[in-house]
Number of protein chains: 2
Amino acid sequence: MAASFVEEPEAGPRSKRVAILAAAVDCFGETGFEATKWSTVAERVGIGQTALYHYFESKTHCLLTIMRLELQRSHDKFTEATAGVAEPADALRSAVRAAYDVSDQEVLQMRILHNHMDLLSGARKSKREEAERVAARQLVQVVERDWTNLLVRGMSQGAFPLRDAQLLGASVLGLIVSVWRWYRPSGPTPLSEISDLIEDACVRIVAM
Amino acid sequence: MAASFVEEPEAGPRSKRVAILAAAVDCFGETGFEATKWSTVAERVGIGQTALYHYFESKTHCLLTIMRLELQRSHDKFTEATAGVAEPADALRSAVRAAYDVSDQEVLQMRILHNHMDLLSGARKSKREEAERVAARQLVQVVERDWTNLLVRGMSQGAFPLRDAQLLGASVLGLIVSVWRWYRPSGPTPLSEISDLIEDACVRIVAM
DNA sequence: ATCCTAACTGAACTGAACTTGGCTCAAATC
DNA sequence: GATTTGAGCCAAGTTCAGTTCAGTTAGGAT
């Protein structure tokens, strides 16, 4: 697959990198990226704002890192969920369920990711930001291919009617991730119910 | 319906308000809101950047106005498309087609709208911004109700199987608008093809 | 001709992100 | 015990886009 790697800085035992990422996910996810002051993230971790620059080149670099990590997670989850499931319809169902099998923290990461997809189009000025951007961009394509391939497989096996797999894949993916725009863990609808409805909807879109 | 109105400032003959809105839609839609400099919009219109403040209180005020106008348009289009269509499935098809019957400019407005939905949650400091925000927020609910009502009608008439209309409506709407994240008029897929596929998908989700 | 006011302008201001440089501290290594 | 190194603090500055201010212009009405 020739994925470009962004070598994860090996964590010293005193490193606050993951703590910063967690705090940033909370802030960016709840308040919004633009609306949260970089210094607020530092506060929440319990360090001065200049200390953040030991770990991230900029606020945007941190955001791009969060996005890349979430994309990696999504891809891994998909792969795990569909591995060894022979029946395409079953694989589809399993993939959708996996997409909604997430923690509250991961819900926020999803929201952040899809609210800032546009960042991935334009080139970045600094090296490390650009590296994260390119890696994320690539992972987006990987995830898209995950879904498209699943559909192609189903169509060629005769389990799904023949349609434009590219377009259908984009639509299914769009349907699934559209939930992260409005879903709140504190809201009235439990994620399990959403998951069931979307799962059925995807099957009806693809397999009928 | 008791919609709150934002009285449209009556256009003096020399007013550049609509020209500014058009330029802003182009810039915000193609470059992104944060990434476009307010002064670039002024340049494109052919005025100094401070002149913008005669028409809009702030860059954000302009954005909120664009969003509200687009929501109004969407609602009107839906109403027009479904008025007098008795058969729920036909009304659904008509509504979906109407959603994709848009100009290139309106595609950009859609993209802008859905990329900045989060703006509508938190209160604004200034009067006029807040007025636009509240109006837009309300219109979001109106549009959501448009779709939900259509589903409820279909279910009560027995045309659609009984399901959670709220949730199903949100999903259908999510599927439809998810297209604006990736669709480009210059891209390989014509909007008509997308429209057809989504139309069928919506019918399969709702009516089967 | 004069007035009025919408339309407009150049220069100055503001605030937040980001930058820099010099310094402290503590744990791990030699 | 001395040295190295990752981690962090403080204070002072730069930049840049958005914004405010104190006026000026120009077209239509009286």
# chains A, B, ... in the order shown; residues from 1 in each chain; ligands from 1
>>> closest_atom_pairs(of="chain B", to="chain A", cutoff="8 Å", atoms="only C-alpha atoms", output="JSON lines")
{"residue": "B:Gly32", "atom": "CA", "partner": "A:Asp118", "partner_atom": "CA", "distance": 7.6}
{"residue": "B:Asn115", "atom": "CA", "partner": "A:Asn115", "partner_atom": "CA", "distance": 6.6}
{"residue": "B:Asp118", "atom": "CA", "partner": "A:Gly32", "partner_atom": "CA", "distance": 7.6}
{"residue": "B:Leu167", "atom": "CA", "partner": "A:Ile194", "partner_atom": "CA", "distance": 7.5}
{"residue": "B:Leu168", "atom": "CA", "partner": "A:Leu197", "partner_atom": "CA", "distance": 7.7}
{"residue": "B:Ser171", "atom": "CA", "partner": "A:Leu175", "partner_atom": "CA", "distance": 6.7}
{"residue": "B:Val172", "atom": "CA", "partner": "A:Leu175", "partner_atom": "CA", "distance": 7.8}
{"residue": "B:Gly174", "atom": "CA", "partner": "A:Ser178", "partner_atom": "CA", "distance": 5.2}
{"residue": "B:Leu175", "atom": "CA", "partner": "A:Leu175", "partner_atom": "CA", "distance": 4.5}
{"residue": "B:Ser178", "atom": "CA", "partner": "A:Gly174", "partner_atom": "CA", "distance": 5.2}
{"residue": "B:Val179", "atom": "CA", "partner": "A:Gly174", "partner_atom": "CA", "distance": 7.2}
{"residue": "B:Ile194", "atom": "CA", "partner": "A:Leu167", "partner_atom": "CA", "distance": 7.5}
{"residue": "B:Leu197", "atom": "CA", "partner": "A:Leu168", "partner_atom": "CA", "distance": 7.7}
{"residue": "B:Ile198", "atom": "CA", "partner": "A:Ser171", "partner_atom": "CA", "distance": 7.6}
{"residue": "B:Ala201", "atom": "CA", "partner": "A:Ile205", "partner_atom": "CA", "distance": 5.1}
{"residue": "B:Cys202", "atom": "CA", "partner": "A:Ile205", "partner_atom": "CA", "distance": 7.9}
{"residue": "B:Arg204", "atom": "CA", "partner": "A:Arg204", "partner_atom": "CA", "distance": 5.9}
{"residue": "B:Ile205", "atom": "CA", "partner": "A:Ala201", "partner_atom": "CA", "distance": 5.1}
{"residue": "B:Met208", "atom": "CA", "partner": "A:Arg204", "partner_atom": "CA", "distance": 7.7}
>>> select_by_dssp(residues="segment 29-202 of chain B", states="helix (DSSP H, G or I)", output="VMD selection string")
chain B and resid 29 to 31 38 to 45 49 to 54 59 to 82 88 to 99 104 to 115 117 to 120 127 to 156 165 to 182 191 to 202
>>> residues_around(residues="DT19 of chain D", least_positions_apart="6", cutoff="12 Å", atoms="only C-alpha atoms (C1' of nucleotides)", output="list of chain:residue names")
B:Trp38, B:Ser39, B:Gln49, B:Thr50, B:Ala51, B:Leu52, B:Tyr53, B:Phe56, B:Glu57, B:Ser58, B:Lys59, C:DA12, C:DC13, C:DT14, C:DG15
>>> write_last_selection(atoms="N, CA and C atoms (P, O5', C5', C4', C3', O3' and C1' of nucleotides)", output="PDB file, in the first residue's frame")
ATOM      1  N   TRP B  38     -10.731  38.655   4.263  1.00  0.00           N
ATOM      2  CA  TRP B  38     -11.858  39.555   4.098  1.00  0.00           C
ATOM      3  C   TRP B  38     -11.511  40.607   3.035  1.00  0.00           C
ATOM      4  N   SER B  39     -10.267  40.992   3.001  1.00  0.00           N
ATOM      5  CA  SER B  39      -9.840  42.027   2.051  1.00  0.00           C
ATOM      6  C   SER B  39      -9.897  41.512   0.613  1.00  0.00           C
ATOM      7  N   GLN B  49     -11.402  47.472   1.847  1.00  0.00           N
ATOM      8  CA  GLN B  49     -11.942  46.489   2.795  1.00  0.00           C
ATOM      9  C   GLN B  49     -12.812  47.128   3.863  1.00  0.00           C
ATOM     10  N   THR B  50     -12.546  48.350   4.187  1.00  0.00           N
ATOM     11  CA  THR B  50     -13.363  48.971   5.239  1.00  0.00           C
ATOM     12  C   THR B  50     -14.787  49.256   4.751  1.00  0.00           C
ATOM     13  N   ALA B  51     -14.951  49.377   3.433  1.00  0.00           N
ATOM     14  CA  ALA B  51     -16.290  49.625   2.887  1.00  0.00           C
ATOM     15  C   ALA B  51     -17.224  48.453   3.171  1.00  0.00           C
ATOM     16  N   LEU B  52     -16.652  47.281   3.369  1.00  0.00           N
ATOM     17  CA  LEU B  52     -17.467  46.098   3.653  1.00  0.00           C
ATOM     18  C   LEU B  52     -18.308  46.295   4.907  1.00  0.00           C
ATOM     19  N   TYR B  53     -17.787  47.100   5.815  1.00  0.00           N
ATOM     20  CA  TYR B  53     -18.468  47.253   7.100  1.00  0.00           C
ATOM     21  C   TYR B  53     -19.705  48.146   7.016  1.00  0.00           C
ATOM     22  N   PHE B  56     -21.921  44.736   6.214  1.00  0.00           N
ATOM     23  CA  PHE B  56     -21.880  43.643   7.187  1.00  0.00           C
ATOM     24  C   PHE B  56     -21.061  44.057   8.396  1.00  0.00           C
ATOM     25  N   GLU B  57     -21.534  43.616   9.536  1.00  0.00           N
ATOM     26  CA  GLU B  57     -20.867  43.984  10.777  1.00  0.00           C
ATOM     27  C   GLU B  57     -19.488  43.337  10.881  1.00  0.00           C
ATOM     28  N   SER B  58     -19.368  42.197  10.247  1.00  0.00           N
ATOM     29  CA  SER B  58     -18.121  41.440  10.350  1.00  0.00           C
ATOM     30  C   SER B  58     -18.091  40.383   9.254  1.00  0.00           C
ATOM     31  N   LYS B  59     -16.960  39.773   9.095  1.00  0.00           N
ATOM     32  CA  LYS B  59     -16.817  38.664   8.150  1.00  0.00           C
ATOM     33  C   LYS B  59     -17.817  37.566   8.505  1.00  0.00           C
TER      34      LYS B  59
ATOM     35  P    DA C  12      -1.105  56.439  10.772  1.00  0.00           P
ATOM     36  O5'  DA C  12      -1.925  55.838  11.998  1.00  0.00           O
ATOM     37  C5'  DA C  12      -2.922  56.619  12.626  1.00  0.00           C
ATOM     38  C4'  DA C  12      -3.795  55.712  13.492  1.00  0.00           C
ATOM     39  C3'  DA C  12      -3.006  54.875  14.510  1.00  0.00           C
ATOM     40  O3'  DA C  12      -3.625  55.002  15.774  1.00  0.00           O
ATOM     41  C1'  DA C  12      -4.438  53.488  13.217  1.00  0.00           C
ATOM     42  P    DC C  13      -2.989  54.328  17.065  1.00  0.00           P
ATOM     43  O5'  DC C  13      -3.938  53.077  17.299  1.00  0.00           O
ATOM     44  C5'  DC C  13      -5.360  53.284  17.342  1.00  0.00           C
ATOM     45  C4'  DC C  13      -6.062  51.957  17.492  1.00  0.00           C
ATOM     46  C3'  DC C  13      -5.470  51.042  18.570  1.00  0.00           C
ATOM     47  O3'  DC C  13      -6.530  50.721  19.461  1.00  0.00           O
ATOM     48  C1'  DC C  13      -5.789  49.858  16.532  1.00  0.00           C
ATOM     49  P    DT C  14      -6.265  49.926  20.837  1.00  0.00           P
ATOM     50  O5'  DT C  14      -6.590  48.423  20.434  1.00  0.00           O
ATOM     51  C5'  DT C  14      -7.816  48.134  19.777  1.00  0.00           C
ATOM     52  C4'  DT C  14      -7.958  46.630  19.616  1.00  0.00           C
ATOM     53  C3'  DT C  14      -7.290  45.817  20.716  1.00  0.00           C
ATOM     54  O3'  DT C  14      -8.252  44.917  21.223  1.00  0.00           O
ATOM     55  C1'  DT C  14      -6.545  45.087  18.563  1.00  0.00           C
ATOM     56  P    DG C  15      -8.001  44.191  22.638  1.00  0.00           P
ATOM     57  O5'  DG C  15      -8.072  42.667  22.184  1.00  0.00           O
ATOM     58  C5'  DG C  15      -8.767  42.311  21.000  1.00  0.00           C
ATOM     59  C4'  DG C  15      -8.261  40.973  20.520  1.00  0.00           C
ATOM     60  C3'  DG C  15      -7.633  40.110  21.611  1.00  0.00           C
ATOM     61  O3'  DG C  15      -8.051  38.782  21.384  1.00  0.00           O
ATOM     62  C1'  DG C  15      -6.040  40.490  19.904  1.00  0.00           C
TER      63       DG C  15
END
>>> closest_residue(among="A:Ala83, A:Gly46, A:Thr36, A:Ala19", to="chain D", atoms="only C-alpha atoms (C1' of nucleotides)")
A:Gly46
>>> interface_residues(of="chain C", to="chain A", cutoff="9 Å", atoms="only C-alpha atoms (C1' of nucleotides)", output="list in words")
DA16, DA17 and DC18 of chain C
>>> decode(residues="segment 138-149 of chain B", atoms="N, CA and C atoms", output="PDB file, in the first residue's frame")
ATOM      1  N   GLN B 138     -33.318  28.526  13.218  1.00  0.00           N
ATOM      2  CA  GLN B 138     -34.737  28.219  13.108  1.00  0.00           C
ATOM      3  C   GLN B 138     -35.032  27.563  11.762  1.00  0.00           C
ATOM      4  N   LEU B 139     -34.402  28.091  10.728  1.00  0.00           N
ATOM      5  CA  LEU B 139     -34.622  27.539   9.401  1.00  0.00           C
ATOM      6  C   LEU B 139     -34.099  26.110   9.291  1.00  0.00           C
ATOM      7  N   VAL B 140     -33.035  25.817  10.017  1.00  0.00           N
ATOM      8  CA  VAL B 140     -32.542  24.442  10.043  1.00  0.00           C
ATOM      9  C   VAL B 140     -33.639  23.520  10.549  1.00  0.00           C
ATOM     10  N   GLN B 141     -34.276  23.938  11.629  1.00  0.00           N
ATOM     11  CA  GLN B 141     -35.355  23.122  12.185  1.00  0.00           C
ATOM     12  C   GLN B 141     -36.531  23.016  11.236  1.00  0.00           C
ATOM     13  N   VAL B 142     -36.809  24.115  10.542  1.00  0.00           N
ATOM     14  CA  VAL B 142     -37.904  24.100   9.570  1.00  0.00           C
ATOM     15  C   VAL B 142     -37.616  23.070   8.478  1.00  0.00           C
ATOM     16  N   VAL B 143     -36.397  23.097   7.968  1.00  0.00           N
ATOM     17  CA  VAL B 143     -36.035  22.162   6.901  1.00  0.00           C
ATOM     18  C   VAL B 143     -36.091  20.722   7.418  1.00  0.00           C
ATOM     19  N   GLU B 144     -35.596  20.519   8.640  1.00  0.00           N
ATOM     20  CA  GLU B 144     -35.655  19.171   9.209  1.00  0.00           C
ATOM     21  C   GLU B 144     -37.108  18.705   9.326  1.00  0.00           C
ATOM     22  N   ARG B 145     -37.970  19.629   9.742  1.00  0.00           N
ATOM     23  CA  ARG B 145     -39.374  19.282   9.884  1.00  0.00           C
ATOM     24  C   ARG B 145     -40.006  18.993   8.518  1.00  0.00           C
ATOM     25  N   ASP B 146     -39.591  19.739   7.501  1.00  0.00           N
ATOM     26  CA  ASP B 146     -40.070  19.463   6.144  1.00  0.00           C
ATOM     27  C   ASP B 146     -39.926  17.977   5.824  1.00  0.00           C
ATOM     28  N   TRP B 147     -38.742  17.477   6.042  1.00  0.00           N
ATOM     29  CA  TRP B 147     -38.458  16.088   5.684  1.00  0.00           C
ATOM     30  C   TRP B 147     -39.155  15.109   6.612  1.00  0.00           C
ATOM     31  N   THR B 148     -39.092  15.402   7.897  1.00  0.00           N
ATOM     32  CA  THR B 148     -39.737  14.508   8.851  1.00  0.00           C
ATOM     33  C   THR B 148     -41.232  14.401   8.566  1.00  0.00           C
ATOM     34  N   ASN B 149     -41.861  15.545   8.309  1.00  0.00           N
ATOM     35  CA  ASN B 149     -43.292  15.543   8.029  1.00  0.00           C
ATOM     36  C   ASN B 149     -43.624  14.694   6.806  1.00  0.00           C
TER      37      ASN B 149
END
